[in-house]
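Text of the file start34.txt, holding compact mmCIF, C-alpha atoms:
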```txt
# COMPACT_ATOMS: atom_id res chain seq x y z
CA MET A 101 123.84 132.70 93.35
CA PRO A 102 125.48 135.99 92.27
CA ASP A 103 123.43 136.32 89.08
CA ALA A 104 120.05 135.74 90.74
CA ALA A 105 119.07 139.38 90.39
CA SER A 106 119.71 139.47 86.64
CA ASP A 107 119.04 135.92 85.44
CA PRO A 108 115.37 134.88 85.54
CA SER A 109 116.10 131.17 85.91
CA SER A 110 118.39 131.79 88.90
CA LEU A 111 115.76 134.02 90.48
CA VAL A 112 113.15 131.26 90.13
CA VAL A 113 115.50 128.78 91.81
CA VAL A 114 116.11 131.18 94.70
CA ALA A 115 112.36 131.84 95.08
CA LEU A 116 111.51 128.13 95.11
CA THR A 117 114.27 127.46 97.63
CA ASN A 118 112.90 130.17 99.90
CA ALA A 119 109.36 128.84 99.57
CA PHE A 120 110.07 125.19 100.37
CA ALA A 121 112.74 125.86 103.01
CA LEU A 122 110.44 128.22 104.88
CA SER A 123 107.51 125.82 104.65
CA SER A 124 109.68 123.02 106.02
CA ALA A 125 110.93 125.16 108.90
CA VAL A 126 107.38 126.12 109.86
CA TYR A 127 106.21 122.49 109.67
CA ILE A 128 109.09 121.40 111.91
CA ALA A 129 108.76 124.09 114.59
CA ALA A 130 105.08 125.06 114.54
CA ASN A 131 103.96 122.69 117.29
CA ILE A 132 107.02 123.36 119.43
CA SER A 133 107.67 127.10 119.45
CA GLY A 134 105.20 128.52 116.93
CA GLY A 135 107.76 128.39 114.12
CA HIS A 136 108.33 132.13 113.99
CA VAL A 137 111.82 131.93 112.42
CA ASN A 138 111.55 135.65 111.68
CA PRO A 139 111.99 138.59 114.13
CA ALA A 140 109.31 140.50 112.22
CA VAL A 141 106.76 137.76 112.93
CA THR A 142 107.81 137.69 116.58
CA PHE A 143 107.44 141.47 116.76
CA ALA A 144 103.94 141.34 115.29
CA MET A 145 102.95 138.64 117.80
CA ALA A 146 104.28 140.74 120.68
CA VAL A 147 102.51 143.89 119.48
CA GLY A 148 99.25 141.94 119.21
CA GLY A 149 99.63 140.48 122.70
CA HIS A 150 100.05 136.87 121.57
CA ILE A 151 103.41 136.56 123.32
CA SER A 152 105.06 138.52 126.12
CA VAL A 153 107.86 141.02 125.54
CA PRO A 154 110.47 138.91 127.43
CA THR A 155 109.55 135.90 125.30
CA ALA A 156 109.84 138.00 122.14
CA LEU A 157 113.32 139.20 123.19
CA PHE A 158 114.38 135.62 123.83
CA TYR A 159 113.09 134.61 120.39
CA TRP A 160 114.96 137.52 118.80
CA ALA A 161 118.23 136.49 120.43
CA SER A 162 117.75 132.91 119.23
CA GLN A 163 116.89 133.97 115.69
CA MET A 164 119.88 136.33 115.40
CA LEU A 165 122.31 133.78 116.81
CA ALA A 166 121.02 131.08 114.48
CA SER A 167 121.35 133.38 111.47
CA VAL A 168 124.95 134.25 112.31
CA MET A 169 125.80 130.58 112.88
CA ALA A 170 124.22 129.56 109.55
CA SER A 171 126.10 132.27 107.65
CA LEU A 172 129.39 131.33 109.29
CA LEU A 173 128.80 127.66 108.55
CA LEU A 174 128.18 128.48 104.89
CA LYS A 175 131.31 130.60 104.72
CA ILE A 176 133.45 127.87 106.31
CA THR A 177 132.08 124.92 104.35
CA VAL A 178 131.92 126.59 100.93
CA VAL A 179 135.60 127.49 100.75
CA GLY A 180 136.42 130.50 98.63
CA GLN A 181 132.83 131.50 97.94
CA HIS A 182 131.66 134.91 99.03
CA VAL A 183 128.56 134.85 101.22
CA PRO A 184 126.38 137.59 99.73
CA THR A 185 124.63 140.22 101.80
CA TYR A 186 121.26 141.82 101.12
CA ALA A 187 121.61 144.99 99.07
CA ILE A 188 119.40 147.46 97.24
CA THR A 189 119.80 148.40 93.61
CA GLU A 190 121.52 151.65 92.70
CA GLU A 191 118.27 153.07 91.33
CA MET A 192 116.47 152.78 94.68
CA THR A 193 116.74 154.97 97.75
CA GLY A 194 117.00 153.56 101.24
CA PHE A 195 113.53 154.90 102.01
CA GLY A 196 112.04 153.28 98.91
CA ALA A 197 113.70 149.97 99.68
CA SER A 198 112.42 150.13 103.25
CA LEU A 199 108.88 150.73 101.98
CA LEU A 200 109.23 147.78 99.62
CA GLU A 201 110.49 145.48 102.37
CA GLY A 202 107.67 146.71 104.60
CA PHE A 203 105.07 145.87 101.98
CA LEU A 204 106.54 142.42 101.37
CA THR A 205 106.67 141.67 105.08
CA PHE A 206 103.11 142.93 105.50
CA ALA A 207 101.94 140.33 102.97
CA LEU A 208 104.00 137.61 104.61
CA VAL A 209 102.91 138.30 108.18
CA TYR A 210 99.26 138.72 107.21
CA THR A 211 99.48 135.24 105.66
CA VAL A 212 101.08 133.97 108.86
CA PHE A 213 98.21 135.28 110.99
CA ALA A 214 95.59 133.86 108.62
CA ALA A 215 97.30 130.47 108.40
CA ALA A 216 97.76 130.22 112.18
CA ASP A 217 94.23 131.26 113.13
CA ALA A 218 92.56 128.30 114.85
CA ARG A 219 89.22 129.41 113.42
CA HIS A 220 90.43 128.39 109.96
CA GLY A 221 90.54 124.69 110.68
CA ALA A 222 90.73 123.59 107.05
CA LEU A 223 93.67 125.91 106.37
CA ARG A 224 95.89 124.79 109.23
CA ALA A 225 97.06 121.64 107.43
CA ILE A 226 98.37 123.63 104.46
CA GLY A 227 99.19 126.79 106.41
CA PRO A 228 102.99 126.33 106.24
CA LEU A 229 102.75 125.87 102.47
CA ALA A 230 100.78 129.10 102.13
CA ILE A 231 103.43 130.91 104.20
CA GLY A 232 106.23 129.50 102.09
CA PHE A 233 104.51 130.32 98.82
CA ILE A 234 103.91 133.97 99.72
CA ALA A 235 107.60 134.25 100.63
CA GLY A 236 108.57 132.71 97.29
CA ALA A 237 106.23 135.03 95.41
CA ASN A 238 107.74 138.03 97.20
CA VAL A 239 111.24 136.94 96.18
CA LEU A 240 110.12 136.66 92.56
CA ALA A 241 108.51 140.10 92.71
CA ALA A 242 111.19 142.07 94.55
CA GLY A 243 114.36 139.99 94.71
CA PRO A 244 116.18 142.09 92.09
CA PHE A 245 115.31 145.34 93.90
CA SER A 246 116.04 144.79 97.59
CA GLY A 247 116.75 141.09 97.91
CA ALA A 248 113.27 140.48 99.37
CA SER A 249 114.64 139.69 102.81
CA MET A 250 111.42 140.12 104.83
CA ASN A 251 113.51 138.82 107.73
CA PRO A 252 115.81 141.08 109.80
CA ALA A 253 117.68 138.04 111.14
CA CYS A 254 118.69 136.89 107.65
CA ALA A 255 120.03 140.34 106.80
CA PHE A 256 121.82 140.58 110.14
CA GLY A 257 123.52 137.19 109.92
CA SER A 258 124.90 137.74 106.43
CA ALA A 259 126.02 141.27 107.38
CA VAL A 260 127.94 140.00 110.41
CA THR A 261 129.67 137.35 108.31
CA ALA A 262 130.58 139.86 105.59
CA GLY A 263 131.55 142.57 108.08
CA SER A 264 129.38 145.15 106.34
CA PHE A 265 126.22 146.67 107.79
CA LYS A 266 125.38 148.96 104.89
CA ASN A 267 121.64 149.67 104.58
CA GLN A 268 120.82 147.44 107.56
CA ALA A 269 118.09 149.88 108.61
CA VAL A 270 116.21 148.99 105.42
CA TYR A 271 115.89 145.39 106.59
CA TRP A 272 114.77 146.31 110.10
CA VAL A 273 112.53 149.38 109.92
CA GLY A 274 110.47 148.31 106.91
CA PRO A 275 109.84 144.69 107.95
CA LEU A 276 109.07 145.51 111.60
CA VAL A 277 106.59 148.26 110.70
CA GLY A 278 104.98 146.15 107.97
CA ALA A 279 104.68 143.16 110.29
CA ALA A 280 103.11 145.18 113.09
CA LEU A 281 100.57 146.74 110.73
CA ALA A 282 99.65 143.32 109.30
CA GLY A 283 99.08 141.82 112.75
CA LEU A 284 97.05 144.77 114.01
CA LEU A 285 94.94 144.86 110.85
CA TYR A 286 94.15 141.15 111.02
CA ASP A 287 93.42 141.06 114.75
CA ASN A 288 91.42 144.28 115.02
CA VAL A 289 89.83 145.02 111.66
CA VAL A 290 89.60 142.09 109.26
CA PHE A 291 89.08 139.18 111.64
CA PRO A 292 88.84 140.46 115.23
CA SER A 293 88.88 137.87 117.97
CA PRO A 294 87.58 138.09 121.55
CA ALA A 295 91.07 137.41 122.92
CA PRO A 296 94.61 137.12 121.57
CA GLU A 297 94.66 133.47 122.62
CA ALA A 298 92.55 132.65 119.56
CA ILE A 299 95.84 132.00 117.81
CA THR A 300 97.39 129.20 119.85
CA ILE A 301 99.52 126.12 119.45
CA ARG A 302 99.46 123.47 122.18
CA GLY A 303 98.62 126.01 124.84
CA VAL A 304 101.43 128.39 123.86
CA THR A 305 100.08 131.78 122.87
CA GLU A 306 102.09 132.04 119.69
CA GLY A 307 101.18 131.85 116.04
CA VAL A 308 102.73 129.85 113.28
CA GLY A 309 105.21 132.09 111.59
CA VAL A 310 108.33 132.68 109.75
```
Would you write the structure of this file as structure tokens?
Amino acid sequence: MPDAASDPSSLVVVALTNAFALSSAVYIAANISGGHVNPAVTFAMAVGGHISVPTALFYWASQMLASVMASLLLKITVVGQHVPTYAITEEMTGFGASLLEGFLTFALVYTVFAAADARHGALRAIGPLAIGFIAGANVLAAGPFSGASMNPACAFGSAVTAGSFKNQAVYWVGPLVGAALAGLLYDNVVFPSPAPEAITIRGVTEGVGV
């Protein structure tokens, strides 16, 4: 929706779409692969020792390929419609946009860790909804400024399809740093656990994520 950044009603539609689509993806994949969906979540899990580095690299490759395929499918099926890329407003600097994306991803990944923690038994049933809602809230708050990507794969896929990688660093540096800080803060300061395996799904040392 090209007017999503300027029209409040369009922005609300985009935010709700993000929230429910992400919740659905997490519900579908949580018990199979952890439902990361997002390279930033995978990075935080690897930094915290919940998954191995080779597994994280495999997840990254899968996430990037899926993003490119989805963007290409949209471009092919919606004939004549431009597939938009993530962009920052003219008033913002790349550094400021990266900080904003980092803050948004911090909130998202912190929610992921809290929702996936096996010690919060009552929360696990609604965990995917909590993850989706924080993503939707972030889109409402920052969509007009940086697009509120929070997901390097989404930015990468649309950039490949459009053939423009302008400001791609914003959607990698900020989210990866914010995600790592969120995971380390949760695991080591706010709710430390005796072992990384406290966040598990069917024996796989991975957390529910985006």
The residue from A:Ile132, A:Ala146, A:Leu174, A:Ala156 with the smallest atom-to-atom distance to Gly257 of chain A, counting only C-alpha atoms, is A:Leu174
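Distances here use only C-alpha atoms; by that measure, the residue among A:Phe265, A:Phe245, A:Tyr127, A:Tyr159 closest to Leu111 of chain A is A:Phe245.
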Skipping near chain neighbours, those fewer than 3 positions away, what residues fall within 6 Å of Leu116 of chain A using only C-alpha atoms, listed as a list in words? Val113, Ala119 and Gly236 of chain A
Write out, as a short mmCIF file (atom, residue, chain, number, x, y, z; two decimals), in the coordinates of the input, the residues just selected, with C-alpha atoms.
```cif
data_model
loop_
_atom_site.label_atom_id
_atom_site.label_comp_id
_atom_site.auth_asym_id
_atom_site.auth_seq_id
_atom_site.Cartn_x
_atom_site.Cartn_y
_atom_site.Cartn_z
CA VAL A 113 115.50 128.78 91.81
CA ALA A 119 109.36 128.84 99.57
CA GLY A 236 108.57 132.71 97.29
#
```
Find the spatial neighbours of segment 190-200 of chain A, counting all atoms listed in the file, within a cut-off of 7 Å - ignore same-chain residues fewer than 6 positions away - and output them as a PyMOL selection string. chain A and resi 246+267+270-271+273-274
Hey, which of A:Glu201, A:Trp272, A:Val147, A:Ala214 ends up closest to Ile188 of chain A? Count only C-alpha atoms. A:Glu201
Go through A:Asn138, A:Asn288, A:Ser110, A:Ser167 one by one, measure the shortest atom-to-atom distance of each to Val126 of chain A using only C-alpha atoms, and give the residue with the smallest value. A:Asn138
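Coordinates place atom CA of Ile231 of chain A at a distance of 23.3 Å from atom CA of Ser152 of chain A.
Within 8 Å of the point (108.7, 146.2, 111.2) in file coordinates, and counting only C-alpha atoms, lie the residues Ala140, Phe143, Ala144, Gly202, Thr205, Trp272, Val273, Gly274, Pro275, Leu276, Val277, Gly278, Ala279 and Ala280 of chain A.
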